[in-house]
Amino acid sequence: MTSTLAHRGLRALARSGPLASTALALLTALSGASAQAQTGAVKKINPKNIDAYYNVCRGLSTECFNDWHAFDALPNKVLIYSRTAGPRHANLGTVMAAGLNPTMADNNVMQAGLVRMLAAAGIAADWTEDVTVLAGRINNYKAVIFASSNRDTLFNATAANSNDAARTALRNYMRRGGGFVGLHNAFGAEYNWPYYEGLLGNANFYNHAPNRNGNVVITAADPSTAGVPGTFAFQDEWYNLAPFPSNVKFLAKVDTASLSPANAAPHPGHPDFHPVAWCQYYDGGKSWVTTLGHNAHSFNGSGVGAQAFEKLVTQGVMSVMGLTPFCN
């Protein structure tokens with residue numbers, strides 16, 4: 001209000017009178033300072049990096065990352081979120097109790113495997129299937145891992161209000177430079193929230209053929225693929241995707257010629273190029289995702305290709321945490 005009145009007064013003096021020239025100079029300086037104050041903090045982004053459909057900056061440009069150092073002072077800790085609001089993968093085991101770090105059952109293989117493999121890399125992990133914990137604590141972690149959390153996993157039907165508080169929390173977390181990792185049936189989540197589809201790289205689970213053997217092929221050099229065998233045998237459901245990911249860095253694919261059995265509906269899905277892992281910057285944060293992770297033996301170390309898979313996932317987590325370069 002004071003600034004507005006000052007501008008009005010100077011404009012009046014500038015129109016006439018002995019102080020006109022002085023008033024005009026002051027008005028020009030004031031206007032310039034005001035414009036700088038209004039625009040100086042605004043991040044300039046090349047329009048080509050704005051995805052008009054999702055209304056976010058996304059892709060491979062660092063312009064789409066908000067390097068605000070918001071998580072620098074935090075310990076190297078991540079949150080594993082495995083809440084299911086639909087069909088539950090067997091490797092997730094028994095539904096967990098509410099709260100943070102509930103006691104795991106022996107059949108919570110995916111969650112326990114993630115804790116184990118990350119600990120080996122010096123990364124601590126908390127876990128939960130409580131949507132209120134995610135909504136209230138997400139900013140305490142350098143990364144959040146959606147471990148086959150599916151369907152309306154962020155909707156809290158019991159809340160008196162703000163049923164979608166976790167959605168808001170995740171979006172704001174990404175905007176302050178957070179790290180997101182999506183594993184396997186994280187692609188079967190939040191179908192009706194376009195922002196989440198964009199977070200997955202403009203991709204969603206459509207269907208899959210029977211669980212079967214195939215060869216994973218690394219398609220790009222990246223901190224997350226460093227030291228991972230160029231080709232390794234694996235077993236999974238090999239998700240088909242609709243829409244198909246775009247404006248991302250593809251990291252790995254399945255060699256569709258290696259699938260055994262070769263023909264199993266709805267094969268071939270993506271016969272020319274069937275990606276299984278990729279990364280992107282998204283709305284200020286970092287997103288690293290893979291459709292792999294159906295089987296329990298991929299998380300307890302006993303399955304074919306389990307060690308290569310562990311290395312790929314662990315290094316993907318490290319990259320979104322900022323412990324290694326991201327998506328380059």
# chains A, B, ... in the order shown; residues from 1 in each chain; ligands from 1
call {"tool": "select_by_dssp", "arguments": {"residues": "range 80-316 of chain A", "states": "alpha helix (DSSP H)", "output": "MDAnalysis selection string"}}
result
chainID A and resid 109:120 131:137 165:175 194:199 306:316
call {"tool": "residues_around", "arguments": {"residues": "range 67-75 of chain A", "least_positions_apart": "2", "cutoff": "7 Å", "atoms": "only C-alpha atoms", "output": "PDB file with C-alpha atoms, in the first residue's frame"}}
result
ATOM      1  CA  PHE A  65      15.247 -29.444 -11.184  1.00  0.00           C
ATOM      2  CA  LYS A  77      17.542 -42.007   4.667  1.00  0.00           C
ATOM      3  CA  LYS A 142      15.982 -37.750   0.565  1.00  0.00           C
ATOM      4  CA  ARG A 176      11.266 -28.676  -3.493  1.00  0.00           C
ATOM      5  CA  GLY A 177      13.692 -31.038  -5.225  1.00  0.00           C
TER       6      GLY A 177
END
call {"tool": "residues_around", "arguments": {"residues": "Ser61 in chain A", "least_positions_apart": "5", "cutoff": "9 Å", "atoms": "only C-alpha atoms", "output": "list of chain:residue names"}}
result
A:Asn49, A:Gln280, A:Tyr281
call {"tool": "write_last_selection", "arguments": {"atoms": "N, CA and C atoms", "output": "PDB file, in the first residue's frame"}}
result
ATOM      1  N   ASN A  49      10.718 -27.079 -22.435  1.00  0.00           N
ATOM      2  CA  ASN A  49      10.807 -28.050 -21.355  1.00  0.00           C
ATOM      3  C   ASN A  49       9.512 -28.166 -20.547  1.00  0.00           C
ATOM      4  N   GLN A 280      14.007 -39.177 -15.312  1.00  0.00           N
ATOM      5  CA  GLN A 280      13.690 -37.837 -15.801  1.00  0.00           C
ATOM      6  C   GLN A 280      13.672 -36.871 -14.617  1.00  0.00           C
ATOM      7  N   TYR A 281      13.839 -35.584 -14.912  1.00  0.00           N
ATOM      8  CA  TYR A 281      13.514 -34.535 -13.949  1.00  0.00           C
ATOM      9  C   TYR A 281      12.020 -34.263 -14.069  1.00  0.00           C
TER      10      TYR A 281
END
call {"tool": "closest_residue", "arguments": {"among": "A:Val248, A:Cys279, A:Ala157, A:Ile80", "to": "Pro223 in chain A", "atoms": "only C-alpha atoms"}}
result
A:Cys279
call {"tool": "closest_atom_pairs", "arguments": {"of": "range 128-215 of chain A", "to": "range 82-96 of chain A", "cutoff": "6 Å", "atoms": "only C-alpha atoms", "output": "CSV"}}
result
residue,atom,partner,partner_atom,distance
A:Glu129,CA,A:Arg83,CA,4.2
A:Ala147,CA,A:Ser82,CA,4.9
A:Ser149,CA,A:Ser82,CA,4.6
A:Asn150,CA,A:Thr84,CA,5.0
A:Arg151,CA,A:Ala85,CA,5.3
A:Asp152,CA,A:Ala85,CA,5.7
A:Thr153,CA,A:Ala85,CA,5.4
call {"tool": "write_last_selection", "arguments": {"atoms": "all heavy atoms", "output": "mmCIF file, in the first residue's frame"}}
result
data_model
loop_
_atom_site.group_PDB
_atom_site.id
_atom_site.type_symbol
_atom_site.label_atom_id
_atom_site.label_comp_id
_atom_site.auth_asym_id
_atom_site.auth_seq_id
_atom_site.Cartn_x
_atom_site.Cartn_y
_atom_site.Cartn_z
ATOM 1 N N GLU A 129 2.939 -48.324 5.402
ATOM 2 C CA GLU A 129 1.797 -48.459 4.504
ATOM 3 C C GLU A 129 0.666 -47.561 4.981
ATOM 4 O O GLU A 129 -0.494 -47.764 4.628
ATOM 5 C CB GLU A 129 1.359 -49.924 4.424
ATOM 6 C CG GLU A 129 2.416 -50.806 3.758
ATOM 7 C CD GLU A 129 1.960 -52.232 3.514
ATOM 8 O OE1 GLU A 129 0.861 -52.608 3.976
ATOM 9 O OE2 GLU A 129 2.709 -52.978 2.852
ATOM 10 N N ALA A 147 6.896 -48.893 -3.551
ATOM 11 C CA ALA A 147 7.191 -50.306 -3.760
ATOM 12 C C ALA A 147 5.901 -51.047 -4.093
ATOM 13 O O ALA A 147 5.197 -51.531 -3.195
ATOM 14 C CB ALA A 147 7.866 -50.894 -2.525
ATOM 15 N N SER A 149 3.137 -50.020 -4.659
ATOM 16 C CA SER A 149 1.955 -49.376 -4.061
ATOM 17 C C SER A 149 1.004 -49.023 -5.193
ATOM 18 O O SER A 149 1.387 -48.342 -6.139
ATOM 19 C CB SER A 149 2.379 -48.115 -3.298
ATOM 20 O OG SER A 149 3.269 -47.340 -4.082
ATOM 21 N N ASN A 150 -0.244 -49.477 -5.115
ATOM 22 C CA ASN A 150 -1.071 -49.384 -6.310
ATOM 23 C C ASN A 150 -2.446 -48.764 -6.074
ATOM 24 O O ASN A 150 -2.830 -48.428 -4.963
ATOM 25 C CB ASN A 150 -1.218 -50.767 -6.956
ATOM 26 C CG ASN A 150 -1.944 -51.752 -6.058
ATOM 27 O OD1 ASN A 150 -2.522 -51.405 -5.045
ATOM 28 N ND2 ASN A 150 -1.909 -53.029 -6.448
ATOM 29 N N ARG A 151 -3.165 -48.616 -7.181
ATOM 30 C CA ARG A 151 -4.501 -48.030 -7.251
ATOM 31 C C ARG A 151 -4.523 -46.669 -6.519
ATOM 32 O O ARG A 151 -3.597 -45.900 -6.653
ATOM 33 C CB ARG A 151 -5.554 -49.008 -6.722
ATOM 34 C CG ARG A 151 -5.583 -50.331 -7.475
ATOM 35 C CD ARG A 151 -5.735 -50.167 -8.985
ATOM 36 N NE ARG A 151 -5.963 -51.431 -9.648
ATOM 37 C CZ ARG A 151 -5.006 -52.202 -10.173
ATOM 38 N NH1 ARG A 151 -3.723 -51.842 -10.081
ATOM 39 N NH2 ARG A 151 -5.300 -53.325 -10.791
ATOM 40 N N ASP A 152 -5.563 -46.350 -5.763
ATOM 41 C CA ASP A 152 -5.645 -45.024 -5.131
ATOM 42 C C ASP A 152 -4.834 -45.020 -3.841
ATOM 43 O O ASP A 152 -5.350 -44.740 -2.752
ATOM 44 C CB ASP A 152 -7.103 -44.668 -4.854
ATOM 45 C CG ASP A 152 -7.896 -44.447 -6.135
ATOM 46 O OD1 ASP A 152 -7.283 -44.034 -7.141
ATOM 47 O OD2 ASP A 152 -9.109 -44.685 -6.134
ATOM 48 N N THR A 153 -3.552 -45.256 -3.981
ATOM 49 C CA THR A 153 -2.678 -45.444 -2.826
ATOM 50 C C THR A 153 -2.508 -44.181 -1.993
ATOM 51 O O THR A 153 -2.133 -44.252 -0.823
ATOM 52 C CB THR A 153 -1.299 -45.956 -3.290
ATOM 53 O OG1 THR A 153 -0.484 -46.250 -2.167
ATOM 54 C CG2 THR A 153 -0.601 -44.942 -4.191
#
call {"tool": "residues_around", "arguments": {"residues": "range 214-221 of chain A", "least_positions_apart": "5", "cutoff": "10 Å", "atoms": "only C-alpha atoms", "output": "VMD selection string"}}
result
chain A and resid 226 to 238 249 to 262 274 to 278 292 305 308 to 309 312 327 to 328
call {"tool": "residues_around", "arguments": {"residues": "Pro194 in chain A", "least_positions_apart": "5", "cutoff": "9 Å", "atoms": "only C-alpha atoms", "output": "list in words"}}
result
Tyr53, Tyr54, Leu199 and Asn202 of chain A
call {"tool": "residues_around", "arguments": {"residues": "Arg175 in chain A", "least_positions_apart": "2", "cutoff": "10 Å", "atoms": "only C-alpha atoms", "output": "short mmCIF file (atom, residue, chain, number, x, y, z; two decimals) with N, CA, C and O atoms, in the first residue's frame"}}
result
data_model
loop_
_atom_site.label_atom_id
_atom_site.label_comp_id
_atom_site.auth_asym_id
_atom_site.auth_seq_id
_atom_site.Cartn_x
_atom_site.Cartn_y
_atom_site.Cartn_z
N VAL A 56 3.88 -29.12 -16.21
CA VAL A 56 5.10 -29.14 -15.40
C VAL A 56 6.31 -29.06 -16.33
O VAL A 56 6.23 -29.37 -17.52
N CYS A 64 14.58 -28.27 -15.13
CA CYS A 64 13.40 -28.84 -14.48
C CYS A 64 13.69 -29.33 -13.07
O CYS A 64 12.81 -29.94 -12.43
N PHE A 65 14.89 -29.07 -12.55
CA PHE A 65 15.25 -29.44 -11.18
C PHE A 65 15.37 -28.20 -10.32
O PHE A 65 16.07 -27.24 -10.68
N ASN A 66 14.70 -28.19 -9.19
CA ASN A 66 14.80 -27.08 -8.24
C ASN A 66 15.93 -27.38 -7.24
O ASN A 66 15.72 -28.07 -6.26
N ASP A 67 17.09 -26.86 -7.54
CA ASP A 67 18.27 -27.13 -6.72
C ASP A 67 18.28 -26.18 -5.52
O ASP A 67 19.12 -25.29 -5.41
N TRP A 68 17.33 -26.40 -4.62
CA TRP A 68 17.15 -25.53 -3.47
C TRP A 68 17.90 -26.02 -2.23
O TRP A 68 17.79 -25.41 -1.17
N ALA A 169 1.15 -33.53 -0.60
CA ALA A 169 2.47 -33.69 0.01
C ALA A 169 3.49 -34.19 -1.02
O ALA A 169 4.62 -33.69 -1.07
N LEU A 170 3.10 -35.17 -1.83
CA LEU A 170 4.02 -35.70 -2.84
C LEU A 170 4.34 -34.64 -3.88
O LEU A 170 5.51 -34.48 -4.27
N ARG A 171 3.35 -33.92 -4.33
CA ARG A 171 3.58 -32.88 -5.34
C ARG A 171 4.51 -31.80 -4.79
O ARG A 171 5.48 -31.40 -5.46
N ASN A 172 4.26 -31.33 -3.57
CA ASN A 172 5.12 -30.30 -3.00
C ASN A 172 6.52 -30.82 -2.71
O ASN A 172 7.51 -30.08 -2.80
N TYR A 173 6.61 -32.09 -2.36
CA TYR A 173 7.92 -32.73 -2.14
C TYR A 173 8.74 -32.70 -3.43
O TYR A 173 9.94 -32.37 -3.41
N GLY A 177 12.49 -30.32 -4.82
CA GLY A 177 13.69 -31.04 -5.23
C GLY A 177 13.79 -32.45 -4.71
O GLY A 177 14.89 -33.01 -4.64
N GLY A 178 12.67 -33.08 -4.37
CA GLY A 178 12.67 -34.42 -3.81
C GLY A 178 12.98 -35.50 -4.83
O GLY A 178 13.00 -35.26 -6.04
N GLY A 179 13.23 -36.71 -4.32
CA GLY A 179 13.55 -37.84 -5.18
C GLY A 179 12.49 -38.92 -5.10
O GLY A 179 12.08 -39.33 -4.01
N TYR A 282 11.39 -33.96 -12.94
CA TYR A 282 9.94 -33.76 -12.99
C TYR A 282 9.50 -32.72 -11.97
O TYR A 282 9.66 -32.91 -10.76
N ASP A 283 9.01 -31.59 -12.46
CA ASP A 283 8.38 -30.56 -11.62
C ASP A 283 9.26 -30.14 -10.45
O ASP A 283 8.78 -29.92 -9.36
N GLY A 284 10.56 -30.08 -10.68
CA GLY A 284 11.49 -29.65 -9.64
C GLY A 284 12.25 -30.78 -9.00
O GLY A 284 13.28 -30.55 -8.34
N GLY A 285 11.77 -32.03 -9.14
CA GLY A 285 12.41 -33.15 -8.49
C GLY A 285 13.00 -34.15 -9.48
O GLY A 285 13.12 -33.88 -10.68
N LYS A 286 13.38 -35.32 -8.95
CA LYS A 286 14.01 -36.37 -9.75
C LYS A 286 13.16 -37.63 -9.66
O LYS A 286 12.72 -38.01 -8.58
#
call {"tool": "atom_distance", "arguments": {"atom1": "CA of Met318 in chain A", "atom2": "CA of Trp288 in chain A"}}
result
10.0 Å
call {"tool": "residues_around", "arguments": {"residues": "Val144 in chain A", "least_positions_apart": "5", "cutoff": "10 Å", "atoms": "only C-alpha atoms", "output": "list in words"}}
result
Lys77, Val78, Leu79, Ile80, Tyr81, Ala125, Asp126, Trp127, Leu134, Ile138, Asn139, Leu170, Tyr173, Gly178, Gly179, Phe180, Val181, Gly182, Ser287, Val317, Val320 and Met321 of chain A
call {"tool": "select_by_dssp", "arguments": {"residues": "range 71-212 of chain A", "states": "strand (DSSP E or B)", "output": "list in words"}}
result
Lys77, Val78, Leu79, Ile80, Tyr81, Ala124, Ala125, Asp126, Trp127, Thr128, Ala143, Val144, Ile145, Phe146, Ala147, Arg151, Gly179, Phe180, Val181, Gly182, Leu183, Ala189, Phe205, Tyr206, Asn207 and Arg212 of chain A
